[in-house]
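Okay, so here's the structure we're looking at.
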Amino acid sequence: MVNRTYADMARHYRTAIVPARPYKPRDKAKVEVGVQVVGRWILARLRHRRFFSLADLNAAIRALLDDLNDRPMRGWGVSRRALYEQLDRPALETLPPTPYEYAEWKRCRVGLDYHVEIAKHYYSVPHQLIRQEVEARITVATVEIFHRGKRVASHQRSARPHRPTTVAEHMPSSHRRYRDWTHERIRREATLIGSDTAVLVDVIMRSRPHPEQGFRSCIGIIGLVKRFGFERVDAACARALVLGTRSYSSVAAILKNHREHAPTTTAEAPILIHENIRGPGYYH
(Lines give C-alpha, C1' and ligand atoms only; values in the text may rest on other atoms or scores of the structure.)
Protein backbone atom coordinates (compact mmCIF):
# COMPACT_ATOMS: atom_id res chain seq x y z
CA MET A 1 0.00 0.00 0.00
CA VAL A 2 1.28 3.47 -0.93
CA ASN A 3 1.32 5.99 1.93
CA ARG A 4 -0.61 9.27 1.64
CA THR A 5 2.43 11.49 1.01
CA TYR A 6 3.83 9.21 -1.72
CA ALA A 7 0.42 9.04 -3.40
CA ASP A 8 0.21 12.86 -3.37
CA MET A 9 3.56 13.10 -5.14
CA ALA A 10 2.46 10.58 -7.78
CA ARG A 11 -0.76 12.51 -8.35
CA HIS A 12 1.16 15.78 -8.68
CA TYR A 13 3.40 14.33 -11.40
CA ARG A 14 0.49 12.47 -13.06
CA THR A 15 2.02 9.05 -12.65
CA ALA A 16 1.16 5.78 -10.91
CA ILE A 17 2.92 3.81 -8.19
CA VAL A 18 2.63 0.00 -8.42
CA PRO A 19 4.23 -1.52 -5.30
CA ALA A 20 6.02 -4.83 -5.60
CA ARG A 21 4.44 -7.72 -3.72
CA PRO A 22 6.23 -8.78 -0.53
CA TYR A 23 8.38 -11.89 -0.83
CA LYS A 24 8.09 -11.81 -4.64
CA PRO A 25 11.60 -10.86 -5.85
CA ARG A 26 10.70 -11.39 -9.51
CA ASP A 27 8.35 -8.39 -9.34
CA LYS A 28 11.36 -6.08 -9.26
CA ALA A 29 13.98 -8.15 -11.08
CA LYS A 30 14.74 -5.43 -13.67
CA VAL A 31 15.28 -2.86 -10.95
CA GLU A 32 17.66 -5.15 -9.11
CA VAL A 33 19.57 -5.87 -12.33
CA GLY A 34 19.87 -2.13 -12.94
CA VAL A 35 21.47 -1.71 -9.52
CA GLN A 36 23.84 -4.56 -10.33
CA VAL A 37 24.87 -2.99 -13.64
CA VAL A 38 25.61 0.37 -11.96
CA GLY A 39 27.63 -1.40 -9.31
CA ARG A 40 29.77 -3.17 -11.89
CA TRP A 41 30.28 -0.42 -14.47
CA ILE A 42 30.42 2.68 -12.27
CA LEU A 43 31.08 1.96 -8.59
CA ALA A 44 33.63 -0.77 -9.27
CA ARG A 45 35.59 1.47 -11.63
CA LEU A 46 35.74 4.24 -9.03
CA ARG A 47 36.63 2.14 -6.00
CA HIS A 48 40.37 2.93 -6.13
CA ARG A 49 40.01 6.65 -6.88
CA ARG A 50 40.04 9.36 -4.21
CA PHE A 51 37.92 12.52 -4.47
CA PHE A 52 38.25 15.72 -2.47
CA SER A 53 34.90 17.31 -3.32
CA LEU A 54 31.38 16.22 -4.12
CA ALA A 55 31.55 18.10 -7.43
CA ASP A 56 34.56 16.03 -8.55
CA LEU A 57 32.81 12.78 -7.60
CA ASN A 58 29.65 13.77 -9.47
CA ALA A 59 31.67 14.68 -12.57
CA ALA A 60 33.37 11.27 -12.55
CA ILE A 61 30.03 9.48 -12.10
CA ARG A 62 28.50 11.50 -14.94
CA ALA A 63 31.27 10.50 -17.36
CA LEU A 64 30.92 6.80 -16.51
CA LEU A 65 27.11 7.03 -16.64
CA ASP A 66 27.24 8.47 -20.17
CA ASP A 67 29.62 5.65 -21.16
CA LEU A 68 27.24 3.05 -19.67
CA ASN A 69 24.17 4.45 -21.44
CA ASP A 70 26.00 4.63 -24.80
CA ARG A 71 27.38 1.08 -24.53
CA PRO A 72 25.49 -1.45 -26.73
CA MET A 73 23.63 -4.02 -24.63
CA ARG A 74 24.37 -7.69 -25.18
CA GLY A 75 21.47 -9.41 -26.89
CA TRP A 76 19.85 -6.13 -27.95
CA GLY A 77 22.47 -4.67 -30.23
CA VAL A 78 21.50 -1.11 -29.23
CA SER A 79 22.35 1.13 -26.29
CA ARG A 80 20.13 2.15 -23.42
CA ARG A 81 20.19 5.72 -24.68
CA ALA A 82 18.95 4.67 -28.10
CA LEU A 83 16.05 2.71 -26.60
CA TYR A 84 15.21 5.66 -24.35
CA GLU A 85 15.06 8.05 -27.31
CA GLN A 86 13.01 5.58 -29.32
CA LEU A 87 10.52 4.30 -26.73
CA ASP A 88 10.47 6.30 -23.51
CA ARG A 89 11.08 9.88 -24.49
CA PRO A 90 8.07 10.20 -26.87
CA ALA A 91 5.77 8.90 -24.11
CA LEU A 92 6.96 11.34 -21.44
CA GLU A 93 4.76 14.29 -20.40
CA THR A 94 5.99 17.73 -19.48
CA LEU A 95 6.61 18.41 -15.80
CA PRO A 96 4.02 20.43 -13.83
CA PRO A 97 4.71 24.18 -13.71
CA THR A 98 5.42 23.99 -9.97
CA PRO A 99 7.56 21.38 -8.20
CA TYR A 100 6.01 18.97 -5.73
CA GLU A 101 5.81 20.31 -2.18
CA TYR A 102 6.42 17.66 0.45
CA ALA A 103 3.53 17.31 2.89
CA GLU A 104 2.77 15.11 5.87
CA TRP A 105 -0.71 13.98 6.95
CA LYS A 106 -1.97 13.71 10.50
CA ARG A 107 -5.30 12.60 11.94
CA CYS A 108 -6.57 14.96 14.65
CA ARG A 109 -9.63 15.33 16.83
CA VAL A 110 -11.02 18.84 17.20
CA GLY A 111 -10.97 20.02 20.82
CA LEU A 112 -13.70 21.81 22.71
CA ASP A 113 -11.94 25.07 21.87
CA TYR A 114 -12.36 24.33 18.10
CA HIS A 115 -8.59 24.03 17.61
CA VAL A 116 -6.36 21.13 16.57
CA GLU A 117 -2.77 20.66 17.72
CA ILE A 118 0.01 20.43 15.14
CA ALA A 119 3.62 20.37 16.37
CA LYS A 120 2.65 22.05 19.68
CA HIS A 121 0.79 24.90 17.92
CA TYR A 122 -3.01 25.20 17.78
CA TYR A 123 -4.97 25.94 14.60
CA SER A 124 -8.67 26.79 14.47
CA VAL A 125 -11.37 24.99 12.48
CA PRO A 126 -15.08 25.87 12.19
CA HIS A 127 -16.58 25.49 15.66
CA GLN A 128 -19.29 23.17 14.28
CA LEU A 129 -16.60 20.46 14.04
CA ILE A 130 -15.95 20.24 17.79
CA ARG A 131 -15.10 16.61 18.74
CA GLN A 132 -14.99 15.59 15.05
CA GLU A 133 -12.04 13.75 13.51
CA VAL A 134 -10.22 15.68 10.79
CA GLU A 135 -7.06 15.27 8.71
CA ALA A 136 -4.29 17.85 8.58
CA ARG A 137 -2.02 18.31 5.56
CA ILE A 138 1.20 19.83 6.85
CA THR A 139 3.87 21.49 4.71
CA VAL A 140 6.77 23.76 5.59
CA ALA A 141 4.63 26.86 5.00
CA THR A 142 0.98 25.86 5.47
CA VAL A 143 -1.43 23.73 7.47
CA GLU A 144 -4.65 22.62 5.75
CA ILE A 145 -7.49 20.90 7.60
CA PHE A 146 -9.82 18.45 5.82
CA HIS A 147 -13.09 16.94 7.02
CA ARG A 148 -14.46 14.03 5.01
CA GLY A 149 -12.25 14.99 2.08
CA LYS A 150 -13.33 18.66 2.04
CA ARG A 151 -10.93 21.41 3.05
CA VAL A 152 -12.43 23.36 5.95
CA ALA A 153 -9.48 25.49 7.08
CA SER A 154 -6.13 26.75 5.82
CA HIS A 155 -3.46 28.47 7.92
CA GLN A 156 0.04 29.77 7.51
CA ARG A 157 2.24 27.48 9.56
CA SER A 158 3.57 28.90 12.82
CA ALA A 159 6.57 27.80 14.85
CA ARG A 160 5.39 29.45 18.09
CA PRO A 161 4.77 26.66 20.62
CA HIS A 162 1.63 26.51 22.76
CA ARG A 163 0.02 29.47 20.98
CA PRO A 164 -3.14 29.53 18.84
CA THR A 165 -3.78 30.67 15.29
CA THR A 166 -7.48 31.55 15.11
CA VAL A 167 -9.66 32.67 12.21
CA ALA A 168 -12.56 34.87 13.31
CA GLU A 169 -15.04 33.05 11.06
CA HIS A 170 -14.31 29.81 12.92
CA MET A 171 -15.38 31.27 16.26
CA PRO A 172 -18.87 30.99 17.76
CA SER A 173 -20.76 34.26 17.71
CA SER A 174 -20.39 34.50 21.50
CA HIS A 175 -16.60 34.56 21.10
CA ARG A 176 -16.32 36.99 18.20
CA ARG A 177 -17.07 40.01 20.36
CA TYR A 178 -13.63 39.57 21.92
CA ARG A 179 -11.60 39.25 18.73
CA ASP A 180 -10.44 42.91 18.88
CA TRP A 181 -8.86 42.25 22.26
CA THR A 182 -5.25 41.04 22.45
CA HIS A 183 -3.13 39.73 25.30
CA GLU A 184 -1.24 43.02 25.37
CA ARG A 185 -4.39 45.15 25.45
CA ILE A 186 -5.94 43.10 28.29
CA ARG A 187 -2.77 43.31 30.38
CA ARG A 188 -2.47 47.04 29.69
CA GLU A 189 -6.07 47.74 30.73
CA ALA A 190 -5.69 45.58 33.85
CA THR A 191 -2.47 47.36 34.85
CA LEU A 192 -4.28 50.70 34.68
CA ILE A 193 -6.74 49.41 37.29
CA GLY A 194 -4.07 48.15 39.67
CA SER A 195 -1.29 45.66 40.27
CA ASP A 196 -3.59 42.99 41.78
CA THR A 197 -5.91 43.17 38.80
CA ALA A 198 -2.94 42.73 36.49
CA VAL A 199 -1.79 39.67 38.44
CA LEU A 200 -5.27 38.08 38.48
CA VAL A 201 -5.72 38.61 34.74
CA ASP A 202 -2.36 37.01 34.09
CA VAL A 203 -3.25 34.06 36.35
CA ILE A 204 -6.57 33.55 34.55
CA MET A 205 -4.97 33.46 31.09
CA ARG A 206 -2.15 31.17 32.23
CA SER A 207 -4.58 28.74 33.83
CA ARG A 208 -6.40 28.03 30.55
CA PRO A 209 -5.15 25.58 27.88
CA HIS A 210 -5.34 28.51 25.48
CA PRO A 211 -5.10 32.08 26.82
CA GLU A 212 -8.01 33.18 24.61
CA GLN A 213 -10.33 30.98 26.66
CA GLY A 214 -9.78 33.36 29.57
CA PHE A 215 -10.54 36.51 27.58
CA ARG A 216 -14.21 36.57 28.58
CA SER A 217 -13.43 36.53 32.31
CA CYS A 218 -10.62 39.08 31.99
CA ILE A 219 -12.64 41.52 29.90
CA GLY A 220 -15.57 41.14 32.28
CA ILE A 221 -13.36 41.98 35.27
CA ILE A 222 -12.01 45.05 33.48
CA GLY A 223 -15.58 46.12 32.70
CA LEU A 224 -16.49 46.11 36.42
CA VAL A 225 -14.61 49.40 36.75
CA LYS A 226 -17.56 51.24 35.22
CA ARG A 227 -19.81 50.12 38.11
CA PHE A 228 -17.45 49.91 41.07
CA GLY A 229 -14.42 52.06 40.31
CA PHE A 230 -10.71 51.32 40.07
CA GLU A 231 -9.95 51.01 43.79
CA ARG A 232 -12.74 48.56 44.65
CA VAL A 233 -12.10 46.35 41.62
CA ASP A 234 -8.39 46.12 42.39
CA ALA A 235 -9.15 45.27 46.02
CA ALA A 236 -11.64 42.60 44.92
CA CYS A 237 -8.99 41.10 42.63
CA ALA A 238 -6.54 41.03 45.55
CA ARG A 239 -9.09 39.14 47.66
CA ALA A 240 -9.82 36.73 44.78
CA LEU A 241 -6.10 35.95 44.60
CA VAL A 242 -6.02 35.17 48.33
CA LEU A 243 -9.08 32.93 48.03
CA GLY A 244 -7.67 31.17 44.95
CA THR A 245 -10.62 32.01 42.67
CA ARG A 246 -10.08 32.69 38.97
CA SER A 247 -13.32 33.89 37.43
CA TYR A 248 -15.32 37.00 36.67
CA SER A 249 -18.29 35.77 38.71
CA SER A 250 -16.15 35.47 41.84
CA VAL A 251 -14.82 39.02 41.56
CA ALA A 252 -18.31 40.34 40.80
CA ALA A 253 -19.72 38.53 43.85
CA ILE A 254 -17.01 39.95 46.10
CA LEU A 255 -17.89 43.47 44.94
CA LYS A 256 -21.63 42.93 45.17
CA ASN A 257 -21.34 41.68 48.76
CA HIS A 258 -18.78 44.37 49.70
CA ARG A 259 -16.26 41.70 50.69
CA GLU A 260 -13.20 43.22 49.01
CA HIS A 261 -11.84 44.61 52.30
CA ALA A 262 -13.10 41.88 54.60
CA PRO A 263 -10.40 40.02 56.60
CA THR A 264 -9.66 36.49 55.44
CA THR A 265 -10.17 33.89 58.17
CA THR A 266 -8.78 30.37 58.27
CA ALA A 267 -12.23 28.90 57.80
CA GLU A 268 -12.93 31.15 54.87
CA ALA A 269 -9.83 30.66 52.76
CA PRO A 270 -10.11 29.31 50.26
CA ILE A 271 -13.90 29.22 49.67
CA LEU A 272 -16.12 29.38 46.64
CA ILE A 273 -17.32 32.93 46.09
CA HIS A 274 -20.63 33.13 44.28
CA GLU A 275 -23.38 35.72 44.28
CA ASN A 276 -25.97 33.08 45.29
CA ILE A 277 -24.02 32.03 48.42
CA ARG A 278 -25.16 34.11 51.43
CA GLY A 279 -22.06 33.57 53.57
CA PRO A 280 -21.64 33.41 57.38
CA GLY A 281 -22.47 37.08 57.96
CA TYR A 282 -25.87 37.01 56.29
CA TYR A 283 -27.89 36.37 59.50
CA HIS A 284 -26.04 38.91 61.68
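Convention: chains lettered A, B, ... in C-alpha coordinates order; per-chain residue numbering from 1; ligands numbered from 1 as shown.
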According to DSSP computed on the backbone, where in region 23-267 of chain A is there alpha helix (DSSP H)? Give the residues as an MDAnalysis selection string.
chainID A and resid 29:38 44:46 54:70 80:83 173:176 183:193 195:206 215:223 225:243 248:256
Please identify all polymer residues within 12 Å of Leu92 (chain A), counting only C-alpha atoms, omitting same-chain residues fewer than 6 positions from it, and present them as a PyMOL selection string.
chain A and resi 13-15+84-86
Write the residues of the preceding selection, restricted to N, CA and C atoms, as a short mmCIF file (atom, residue, chain, number, x, y, z; two decimals), in the first residue's frame.
```cif
data_model
loop_
_atom_site.label_atom_id
_atom_site.label_comp_id
_atom_site.auth_asym_id
_atom_site.auth_seq_id
_atom_site.Cartn_x
_atom_site.Cartn_y
_atom_site.Cartn_z
N TYR A 13 2.64 14.55 -10.17
CA TYR A 13 3.40 14.33 -11.40
C TYR A 13 2.64 13.46 -12.42
N ARG A 14 1.36 13.20 -12.15
CA ARG A 14 0.49 12.47 -13.06
C ARG A 14 1.09 11.11 -13.45
N THR A 15 1.49 10.38 -12.43
CA THR A 15 2.02 9.05 -12.65
C THR A 15 1.39 8.08 -11.66
N TYR A 84 15.91 4.57 -25.05
CA TYR A 84 15.21 5.66 -24.35
C TYR A 84 14.67 6.68 -25.37
N GLU A 85 15.49 7.07 -26.31
CA GLU A 85 15.06 8.05 -27.31
C GLU A 85 13.95 7.50 -28.19
N GLN A 86 13.99 6.18 -28.42
CA GLN A 86 13.01 5.58 -29.32
C GLN A 86 11.68 5.27 -28.63
#
```
Find the residue from A:Met73, A:Gly111, A:Gln132, A:Ile204 that sits nearest to Leu241 (chain A); use only C-alpha atoms when measuring.
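Comparing A:Met73, A:Gly111, A:Gln132, A:Ile204 against Leu241 (chain A), the winner is A:Ile204.
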List the neighbours of Arg246 (chain A) out to 9 Å using only C-alpha atoms; skip same-chain residues closer than 2 positions along the sequence, and give me the result as a PyMOL selection string.
chain A and resi 200-201+203-204+207+217+240-241+244+248-251
From the options A:His121, A:Arg107, A:Arg89, A:His162, which residue's atoms come nearest to Glu133 (chain A), counting only C-alpha atoms?
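For Glu133 (chain A), the nearest of the candidates is A:Arg107.
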Assign secondary structure with DSSP using the backbone only, and return the residues of region 71-114 of chain A in strand (DSSP E or B) as an NGL selection string.
:A and (72 or 79 or 104-109)
Taking only C-alpha atoms into account, name the residue in A:Ile186, A:Tyr114, A:Gly214, A:Asp27 that is nearest to Ala153 (chain A).
A:Tyr114
Using only C-alpha atoms for the distances, tell me which of A:Arg227, A:His12, A:Arg62, A:Arg187 is nearest to Pro99 (chain A).
A:His12
Tell me which protein, DNA and RNA residues are within 9 Å of region 189-196 of chain A, counting only C-alpha atoms, leaving out same-chain ones fewer than 3 positions away, and put them as a list of chain:residue names.
A:Glu184, A:Arg185, A:Ile186, A:Val199, A:Leu200, A:Val201, A:Cys218, A:Ile219, A:Ile221, A:Ile222, A:Val225, A:Gly229, A:Phe230, A:Glu231, A:Val233, A:Asp234, A:Ala235, A:Ala236, A:Cys237, A:Ala238, A:Arg239, A:Leu241
Just how far from CA of Arg208 (chain A) is CA of Arg259 (chain A), in Å to one decimal?
26.3 Å
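Here the question is which of A:Asp56, A:Asp113, A:Asp88, A:Glu104 gets nearest to Ile138 (chain A) using only C-alpha atoms, and that residue is A:Glu104.
Taking CA of Val152 (chain A) as the reference point, CA of Cys108 (chain A) is found at 13.4 Å.
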Can you pull out the residues contacting region 57-60 of chain A? Cut-off 12 Å, using only C-alpha atoms, and skip same-chain residues under 6 positions away; I want them as JSON, numbers by chain.
{"A": [42, 43, 45, 46, 47, 49, 50, 51, 66, 67]}
Please produce an output containing N, CA, C and O atoms for each residue in the selection, written as a CSV table (one decimal), in the first residue's frame.
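The resulting file, result12.csv, is shown below:
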```csv
chain,number,residue,atom,x,y,z
A,42,ILE,N,30.1,1.3,-12.8
A,42,ILE,CA,30.4,2.7,-12.3
A,42,ILE,C,31.1,2.6,-10.9
A,42,ILE,O,32.3,3.0,-10.8
A,43,LEU,N,30.5,2.0,-9.9
A,43,LEU,CA,31.1,2.0,-8.6
A,43,LEU,C,32.4,1.2,-8.6
A,43,LEU,O,33.4,1.6,-7.9
A,45,ARG,N,34.5,0.8,-10.9
A,45,ARG,CA,35.6,1.5,-11.6
A,45,ARG,C,36.1,2.7,-10.9
A,45,ARG,O,37.1,3.2,-11.2
A,46,LEU,N,35.3,3.1,-9.8
A,46,LEU,CA,35.7,4.2,-9.0
A,46,LEU,C,36.3,3.8,-7.7
A,46,LEU,O,36.7,4.7,-6.9
A,47,ARG,N,36.3,2.6,-7.4
A,47,ARG,CA,36.6,2.1,-6.0
A,47,ARG,C,38.0,2.5,-5.6
A,47,ARG,O,38.3,2.6,-4.4
A,49,ARG,N,39.8,5.2,-6.7
A,49,ARG,CA,40.0,6.6,-6.9
A,49,ARG,C,39.6,7.4,-5.6
A,49,ARG,O,38.7,7.0,-4.9
A,50,ARG,N,40.3,8.5,-5.4
A,50,ARG,CA,40.0,9.4,-4.2
A,50,ARG,C,39.6,10.7,-4.7
A,50,ARG,O,40.2,11.3,-5.6
A,51,PHE,N,38.5,11.2,-4.1
A,51,PHE,CA,37.9,12.5,-4.5
A,51,PHE,C,37.9,13.5,-3.3
A,51,PHE,O,37.8,13.0,-2.1
A,66,ASP,N,27.4,8.3,-18.7
A,66,ASP,CA,27.2,8.5,-20.2
A,66,ASP,C,27.8,7.3,-20.9
A,66,ASP,O,27.2,6.8,-21.9
A,67,ASP,N,29.0,6.8,-20.5
A,67,ASP,CA,29.6,5.7,-21.2
A,67,ASP,C,28.7,4.4,-21.1
A,67,ASP,O,28.6,3.6,-22.0
```
